[in-house]
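> File model.txt follows (compact mmCIF, C-alpha atoms and all ligand atoms):
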```
# COMPACT_ATOMS: atom_id res chain seq x y z
CA MET A 1 7.59 -27.79 5.85
CA THR A 2 9.96 -25.35 7.50
CA TYR A 3 9.53 -24.51 11.16
CA ARG A 4 10.67 -21.06 12.17
CA GLU A 5 11.29 -19.40 15.48
CA PRO A 6 8.34 -17.12 16.21
CA ARG A 7 9.15 -13.53 15.39
CA PRO A 8 7.81 -10.59 17.35
CA LEU A 9 4.65 -8.84 16.26
CA PRO A 10 4.16 -5.09 16.44
CA PRO A 11 2.64 -4.06 19.79
CA GLY A 12 -1.05 -4.92 20.20
CA GLN A 13 -1.21 -7.20 17.13
CA ASN A 14 -2.48 -10.81 17.01
CA LEU A 15 -1.12 -13.39 14.58
CA VAL A 16 -3.38 -14.93 11.92
CA GLU A 17 -2.39 -17.10 8.95
CA ARG A 18 -3.71 -14.63 6.34
CA LEU A 19 -5.75 -11.47 6.77
CA PRO A 20 -9.40 -11.74 5.86
CA VAL A 21 -10.22 -9.62 2.81
CA ARG A 22 -10.87 -6.07 3.96
CA THR A 23 -12.62 -3.84 1.48
CA TYR A 24 -14.75 -0.81 2.14
CA GLY A 25 -17.42 -0.87 -0.57
CA ARG A 26 -17.46 -3.24 -3.50
CA VAL A 27 -14.68 -5.00 -5.38
CA PRO A 28 -14.19 -3.27 -8.75
CA GLU A 29 -13.99 -5.27 -11.95
CA LEU A 30 -10.81 -3.92 -13.43
CA SER A 31 -8.91 -5.73 -16.17
CA ARG A 32 -5.20 -5.31 -16.78
CA GLU A 33 -6.05 -3.49 -20.02
CA GLN A 34 -8.29 -1.02 -18.20
CA TRP A 35 -5.81 -0.43 -15.40
CA SER A 36 -3.29 2.40 -15.31
CA LEU A 37 -1.42 4.31 -12.61
CA GLN A 38 -1.16 8.08 -12.84
CA VAL A 39 1.42 10.24 -11.11
CA THR A 40 0.04 13.77 -10.69
CA GLY A 41 0.09 16.87 -8.45
CA ASP A 42 3.24 18.81 -7.59
CA THR A 43 5.57 16.95 -9.94
CA HIS A 44 9.09 18.21 -10.75
CA ASP A 45 8.04 19.86 -14.02
CA GLY A 46 4.26 20.08 -13.65
CA SER A 47 3.67 17.20 -16.04
CA SER A 48 1.98 13.95 -15.08
CA LEU A 49 2.85 10.37 -15.93
CA THR A 50 0.56 7.49 -16.86
CA ILE A 51 1.87 3.95 -16.48
CA ASP A 52 -0.22 1.29 -18.18
CA TRP A 53 0.00 -2.47 -17.71
CA ALA A 54 2.49 -2.95 -20.57
CA MET A 55 4.81 -0.29 -19.15
CA LEU A 56 4.56 -1.72 -15.63
CA SER A 57 5.24 -5.24 -16.89
CA ALA A 58 8.39 -4.05 -18.68
CA MET A 59 9.84 -2.63 -15.44
CA THR A 60 12.15 -4.60 -13.14
CA HIS A 61 10.15 -6.70 -10.67
CA VAL A 62 11.26 -7.70 -7.18
CA GLU A 63 10.16 -10.34 -4.68
CA LEU A 64 9.16 -9.10 -1.25
CA GLU A 65 8.45 -11.19 1.85
CA ALA A 66 6.59 -8.96 4.23
CA ASP A 67 4.15 -8.94 7.11
CA MET A 68 0.73 -7.34 6.84
CA HIS A 69 -0.65 -5.41 9.79
CA CYS A 70 -4.31 -4.42 9.82
CA VAL A 71 -4.98 -1.54 12.20
CA SER A 72 -7.86 -3.64 13.61
CA LYS A 73 -5.06 -5.68 15.29
CA LEU A 74 -4.54 -8.67 12.99
CA THR A 75 -1.11 -9.46 11.53
CA ALA A 76 -0.21 -12.04 8.85
CA GLN A 77 3.47 -12.88 8.52
CA ASP A 78 5.57 -13.75 5.48
CA VAL A 79 3.21 -12.76 2.72
CA ARG A 80 5.05 -13.25 -0.56
CA TRP A 81 4.61 -10.31 -2.90
CA ARG A 82 6.03 -9.61 -6.35
CA GLY A 83 5.92 -6.25 -8.01
CA VAL A 84 7.65 -3.06 -9.04
CA PRO A 85 9.43 -0.86 -6.48
CA MET A 86 7.50 2.38 -6.07
CA ARG A 87 10.84 4.17 -5.93
CA ALA A 88 11.43 3.34 -9.62
CA ILE A 89 8.05 4.86 -10.54
CA VAL A 90 8.72 7.98 -8.46
CA GLU A 91 12.10 8.36 -10.19
CA MET A 92 10.33 8.43 -13.58
CA CYS A 93 8.25 11.41 -12.41
CA PRO A 94 9.65 12.84 -9.17
CA PRO A 95 7.95 15.42 -6.96
CA ALA A 96 9.05 19.06 -7.05
CA PRO A 97 11.73 20.03 -4.51
CA GLY A 98 10.33 20.33 -0.99
CA ILE A 99 7.24 18.20 -1.71
CA ASP A 100 7.03 15.60 1.09
CA HIS A 101 3.53 14.12 0.90
CA ALA A 102 1.23 12.20 -1.38
CA LEU A 103 -2.29 10.86 -1.52
CA VAL A 104 -2.49 7.44 -3.12
CA TYR A 105 -5.87 6.55 -4.62
CA GLY A 106 -7.51 3.22 -5.26
CA GLN A 107 -10.43 2.68 -7.61
CA HIS A 108 -13.77 4.15 -6.37
CA GLY A 109 -12.36 6.91 -4.17
CA TYR A 110 -10.37 5.02 -1.53
CA SER A 111 -7.23 6.96 -0.65
CA ALA A 112 -4.34 6.88 1.80
CA SER A 113 -2.00 9.64 2.95
CA VAL A 114 1.69 8.71 2.73
CA THR A 115 4.96 10.60 2.93
CA ILE A 116 7.34 10.60 -0.03
CA ALA A 117 9.88 8.97 2.32
CA ASP A 118 7.55 5.98 2.91
CA LEU A 119 6.57 5.87 -0.77
CA THR A 120 10.22 5.58 -1.82
CA SER A 121 11.30 3.22 0.96
CA PRO A 122 13.14 0.24 -0.65
CA ARG A 123 10.44 -2.23 0.41
CA THR A 124 7.47 -0.24 -0.91
CA ILE A 125 6.13 -1.90 -4.06
CA VAL A 126 3.26 -1.87 -6.50
CA ALA A 127 2.37 -5.54 -6.10
CA VAL A 128 0.97 -7.63 -8.94
CA GLU A 129 1.36 -11.07 -7.31
CA MET A 130 0.56 -12.37 -3.83
CA ASP A 131 1.73 -15.77 -2.55
CA ASP A 132 3.03 -16.75 -6.01
CA ALA A 133 -0.22 -16.09 -7.91
CA PRO A 134 -1.56 -13.08 -9.82
CA LEU A 135 -3.21 -10.73 -7.37
CA PRO A 136 -6.90 -11.79 -7.13
CA ALA A 137 -9.48 -9.03 -7.64
CA GLU A 138 -10.55 -9.04 -3.97
CA ARG A 139 -6.90 -8.58 -2.92
CA GLY A 140 -6.53 -5.55 -5.18
CA GLY A 141 -5.73 -7.02 -8.59
CA PRO A 142 -4.40 -6.02 -11.04
CA ALA A 143 -2.17 -3.97 -8.70
CA ARG A 144 -2.01 -2.68 -5.13
CA LEU A 145 0.40 -0.66 -3.07
CA VAL A 146 2.31 -2.47 -0.29
CA ILE A 147 4.21 -0.54 2.42
CA PRO A 148 5.24 -3.25 4.91
CA HIS A 149 6.17 -1.11 7.92
CA LEU A 150 2.88 0.81 7.92
CA TYR A 151 -0.59 -0.48 8.78
CA SER A 152 -2.15 -1.95 5.65
CA TYR A 153 -4.74 0.83 5.25
CA LYS A 154 -1.78 2.72 3.74
CA GLY A 155 -1.84 0.26 0.84
CA PRO A 156 -4.71 1.00 -1.55
CA LYS A 157 -5.92 -2.00 -3.52
CA TRP A 158 -6.64 -1.33 -7.23
CA VAL A 159 -4.09 1.48 -6.98
CA ARG A 160 -4.72 4.11 -9.68
CA GLU A 161 -3.13 7.42 -8.78
CA VAL A 162 -0.35 9.03 -6.76
CA THR A 163 -0.82 12.78 -6.21
CA TYR A 164 2.12 14.73 -4.79
CA LEU A 165 1.15 17.35 -2.22
CA ALA A 166 2.94 20.11 -0.34
CA PHE A 167 0.99 19.32 2.86
CA ALA A 168 -0.37 16.08 4.30
CA GLU A 169 -3.98 15.61 3.29
CA ARG A 170 -6.10 13.00 5.06
CA GLY A 171 -7.24 10.00 3.05
CA PHE A 172 -10.12 7.58 3.63
CA TRP A 173 -9.21 6.08 7.04
CA GLU A 174 -7.13 9.05 8.23
CA ASP A 175 -10.33 11.08 7.86
CA ARG A 176 -12.20 8.52 9.99
CA GLY A 177 -10.01 8.67 13.08
CA TYR A 178 -6.92 6.72 12.03
CA HIS A 179 -3.34 7.94 12.20
CA LEU A 180 -1.83 10.14 9.49
CA HIS A 181 1.48 8.25 9.55
CA GLY A 182 0.39 4.77 10.70
CA ASP A 183 3.71 3.10 11.61
CA ALA A 184 2.71 -0.34 12.95
CA TRP A 185 5.91 -0.77 15.00
CA ARG A 186 5.25 2.52 16.81
CA GLN A 187 1.57 1.63 17.16
CA GLU A 188 0.47 4.83 15.44
CA ARG A 189 -3.16 3.68 15.26
CA TYR A 190 -5.47 6.61 15.98
CA SER A 191 -5.49 10.27 14.99
CA TYR A 192 -5.63 11.43 18.65
CA GLN A 193 -2.04 10.14 19.03
CA GLU A 194 -0.71 12.54 16.37
N1 LIG B 1 -9.11 0.28 -2.31
C1 LIG B 1 -9.02 -0.19 -1.04
N2 LIG B 1 -7.81 -0.54 -0.57
C2 LIG B 1 -7.68 -1.00 0.69
C3 LIG B 1 -8.81 -1.12 1.54
C4 LIG B 1 -10.07 -0.74 1.01
O1 LIG B 1 -11.11 -0.81 1.68
N3 LIG B 1 -10.15 -0.29 -0.29
N4 LIG B 1 -8.65 -1.57 2.84
C5 LIG B 1 -7.30 -1.43 3.42
C6 LIG B 1 -7.16 -2.13 4.69
S1 LIG B 1 -7.83 -1.40 6.06
C7 LIG B 1 -6.43 -3.29 4.80
S2 LIG B 1 -6.13 -4.04 6.29
C8 LIG B 1 -5.93 -3.98 3.60
C9 LIG B 1 -6.53 -5.37 3.56
O2 LIG B 1 -6.02 -6.10 2.50
P1 LIG B 1 -6.70 -7.50 2.16
O3 LIG B 1 -8.12 -7.25 1.78
O4 LIG B 1 -5.88 -8.09 1.07
O5 LIG B 1 -6.63 -8.32 3.44
O6 LIG B 1 -6.24 -3.30 2.38
C10 LIG B 1 -6.23 -1.89 2.46
N5 LIG B 1 -6.44 -1.36 1.14
MO MO B 2 -7.11 -2.63 7.90
```
For the file at hand, write its structure as structure tokens.

Amino acid sequence: MTYREPRPLPPGQNLVERLPVRTYGRVPELSREQWSLQVTGDTHDGSSLTIDWAMLSAMTHVELEADMHCVSKLTAQDVRWRGVPMRAIVEMCPPAPGIDHALVYGQHGYSASVTIADLTSPRTIVAVEMDDAPLPAERGGPARLVIPHLYSYKGPKWVREVTYLAFAERGFWEDRGYHLHGDAWRQERYSYQE
């Protein structure tokens, strides 16, 4: 057992050991064989890219220790993730020049609005493991997006598609009163703050 000095939480957040599972709607049954991630929209040459499980598994994986901040004010610290940096996927199929936004979709229509800058931040990963175990279905397995500095609604579970866009388009929670950017450290919680 290692005891650590408490570290600060983003403003307004309360510490919990692990976040309760938060899913709007039902948990999809999605095998690794059925899973793929598509990169579409305003890509550099108009083509799209499909990454299947075998391709993802062949990419370089990284370990990430990161906190998880739910916009409903719970934070879990030091979640151990393993996965593929989103930056490496974006480099395989980059956006066209001047394209700064994306919508990231999960299975069954969930989506989150993110900037290309946040998508390609060094700590943004497509996670396939959580706390040293394959990502359980209810946590987004086979794969989910993790962007540690943003509230966790920016990380679709069962991530399936990244669509590049010229303008910010609101996703699932941004459309229901939550912030378009969602930086937890700046407490960008609600759309009226934009
Ligand atoms: N597909 C999908 N992804 C999602 C959600 C969801 O409802 N559907 N909820 C988001 C929210 S609001 C949070 S806080 C985290 C919760 O992750 P957890 O269920 O692993 O705690 O997932 C995010 N990703
Ligand atoms: Mo959340």
> Compute the set of protein, DNA and RNA residues whose minimum atom distance to ligand MO 2 (chain B) is at most 8 Å, using all atoms listed in the file, and state it as number ranges by chain.
A: 22, 69-72, 151-153
> Can you work out which residues are within 10 Å of ligand LIG 1 (chain B), considering all atoms listed in the file, and then hand them over as number ranges by chain?
A: 18-28, 68-76, 104-112, 130, 135-141, 144-146, 151-160, 172-173
> Got a sec: who's within 9 Å of His149 in chain A, counting only C-alpha atoms, leaving out chain neighbours fewer than 2 positions off, as a PyMOL selection string?
chain A and resi 66-69+118+123-124+147+151-152+182-185
> Can you write out the residues you just picked, keeping C-alpha atoms, as a tab-separated table (two decimals), in the coordinates of the input?

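Done, and the output landed in selection.tsv:
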```tsv
chain	number	residue	atom	x	y	z
A	66	ALA	CA	6.59	-8.96	4.23
A	67	ASP	CA	4.15	-8.94	7.11
A	68	MET	CA	0.73	-7.34	6.84
A	69	HIS	CA	-0.65	-5.41	9.79
A	118	ASP	CA	7.55	5.98	2.91
A	123	ARG	CA	10.44	-2.23	0.41
A	124	THR	CA	7.47	-0.24	-0.91
A	147	ILE	CA	4.21	-0.54	2.42
A	151	TYR	CA	-0.59	-0.48	8.78
A	152	SER	CA	-2.15	-1.95	5.65
A	182	GLY	CA	0.39	4.77	10.70
A	183	ASP	CA	3.71	3.10	11.61
A	184	ALA	CA	2.71	-0.34	12.95
A	185	TRP	CA	5.91	-0.77	15.00
```
> In the coordinates of the file, take the point (8.7, 2.8, -12.3) and a cut-off of 10 Å; then, counting all atoms listed in the file, name each qualifying protein, DNA or RNA residue as a list in words.
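Counting all atoms listed in the file, I find these residues within 10 Å of (8.7, 2.8, -12.3): Ile51, Met55, Leu56, Ser57, Ala58, Met59, Thr60, His61, Val84, Pro85, Met86, Arg87, Ala88, Ile89, Val90, Glu91, Met92, Cys93, Ile125 and Val126 of chain A.
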> For the selection you just gave me, I'd like the residues written to a file as an mmCIF file, in the coordinates of the input, keeping C-alpha atoms.

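Listing of out_26.cif after writing:
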```cif
data_model
loop_
_atom_site.group_PDB
_atom_site.id
_atom_site.type_symbol
_atom_site.label_atom_id
_atom_site.label_comp_id
_atom_site.auth_asym_id
_atom_site.auth_seq_id
_atom_site.Cartn_x
_atom_site.Cartn_y
_atom_site.Cartn_z
ATOM 1 C CA ILE A 51 1.870 3.950 -16.480
ATOM 2 C CA MET A 55 4.810 -0.290 -19.150
ATOM 3 C CA LEU A 56 4.560 -1.720 -15.630
ATOM 4 C CA SER A 57 5.240 -5.240 -16.890
ATOM 5 C CA ALA A 58 8.390 -4.050 -18.680
ATOM 6 C CA MET A 59 9.840 -2.630 -15.440
ATOM 7 C CA THR A 60 12.150 -4.600 -13.140
ATOM 8 C CA HIS A 61 10.150 -6.700 -10.670
ATOM 9 C CA VAL A 84 7.650 -3.060 -9.040
ATOM 10 C CA PRO A 85 9.430 -0.860 -6.480
ATOM 11 C CA MET A 86 7.500 2.380 -6.070
ATOM 12 C CA ARG A 87 10.840 4.170 -5.930
ATOM 13 C CA ALA A 88 11.430 3.340 -9.620
ATOM 14 C CA ILE A 89 8.050 4.860 -10.540
ATOM 15 C CA VAL A 90 8.720 7.980 -8.460
ATOM 16 C CA GLU A 91 12.100 8.360 -10.190
ATOM 17 C CA MET A 92 10.330 8.430 -13.580
ATOM 18 C CA CYS A 93 8.250 11.410 -12.410
ATOM 19 C CA ILE A 125 6.130 -1.900 -4.060
ATOM 20 C CA VAL A 126 3.260 -1.870 -6.500
#
```
> For each of A:Ile116, A:Pro122, A:Pro134, A:Pro6, take the minimum atom-to-atom distance to Leu64 in chain A, counting all atoms listed in the file, then give the residue where this is smallest.
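Of the candidates, the smallest distance to Leu64 in chain A is held by A:Pro122.
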> Looking at all atoms listed in the file, which of A:Thr163, A:Thr43, A:Gln77, A:Ser48 is the one that sits closest to Arg4 in chain A?
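Nearest candidate to Arg4 in chain A out of A:Thr163, A:Thr43, A:Gln77, A:Ser48: A:Gln77.
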> Would you please work out which residue, of A:Gly46, A:Trp81, A:Phe167, A:Val162, is nearest to Glu63 in chain A when using only C-alpha atoms?
A:Trp81
> Applying 8 Å and all atoms listed in the file, which residues near Trp53 in chain A remain after dropping the ones on its own chain fewer than 4 positions away? List them as a list in words.
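Non-adjacent residues within range: Arg32, Glu33, Trp35, Ser36 and Ser57 of chain A.
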> In Å to one decimal, how far is CA of Gly12 in chain A from CA of Glu174 in chain A?
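Those two atoms sit 19.4 Å apart.
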> Using only C-alpha atoms for the distances, tell me which of A:Arg82, A:Pro8, A:Pro142, A:Ala133 is nearest to Val62 in chain A.
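Distance minimum relative to Val62 in chain A lands on A:Arg82.
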> Could you state the separation of CA of Thr50 in chain A and CA of Val128 in chain A in Å, given to one decimal place?
17.1 Å
> If I take CA of Val79 in chain A and CA of Asp131 in chain A, how far is one from the other in Å, to one decimal?
6.2 Å
> Identify which of the residues A:Ala102, A:Ala127, A:Val16, A:Ala143 lies closest to Leu165 in chain A, counting all atoms listed in the file when measuring atom-to-atom distances.
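So, comparing all the options, the nearest one is A:Ala102.
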> Calculated over only C-alpha atoms, which of the candidates A:Thr115, A:Thr2, A:Gln193, A:Gln38 has the smallest distance to Leu103 in chain A?
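Ranked by minimum distance to Leu103 in chain A, first place goes to A:Thr115.
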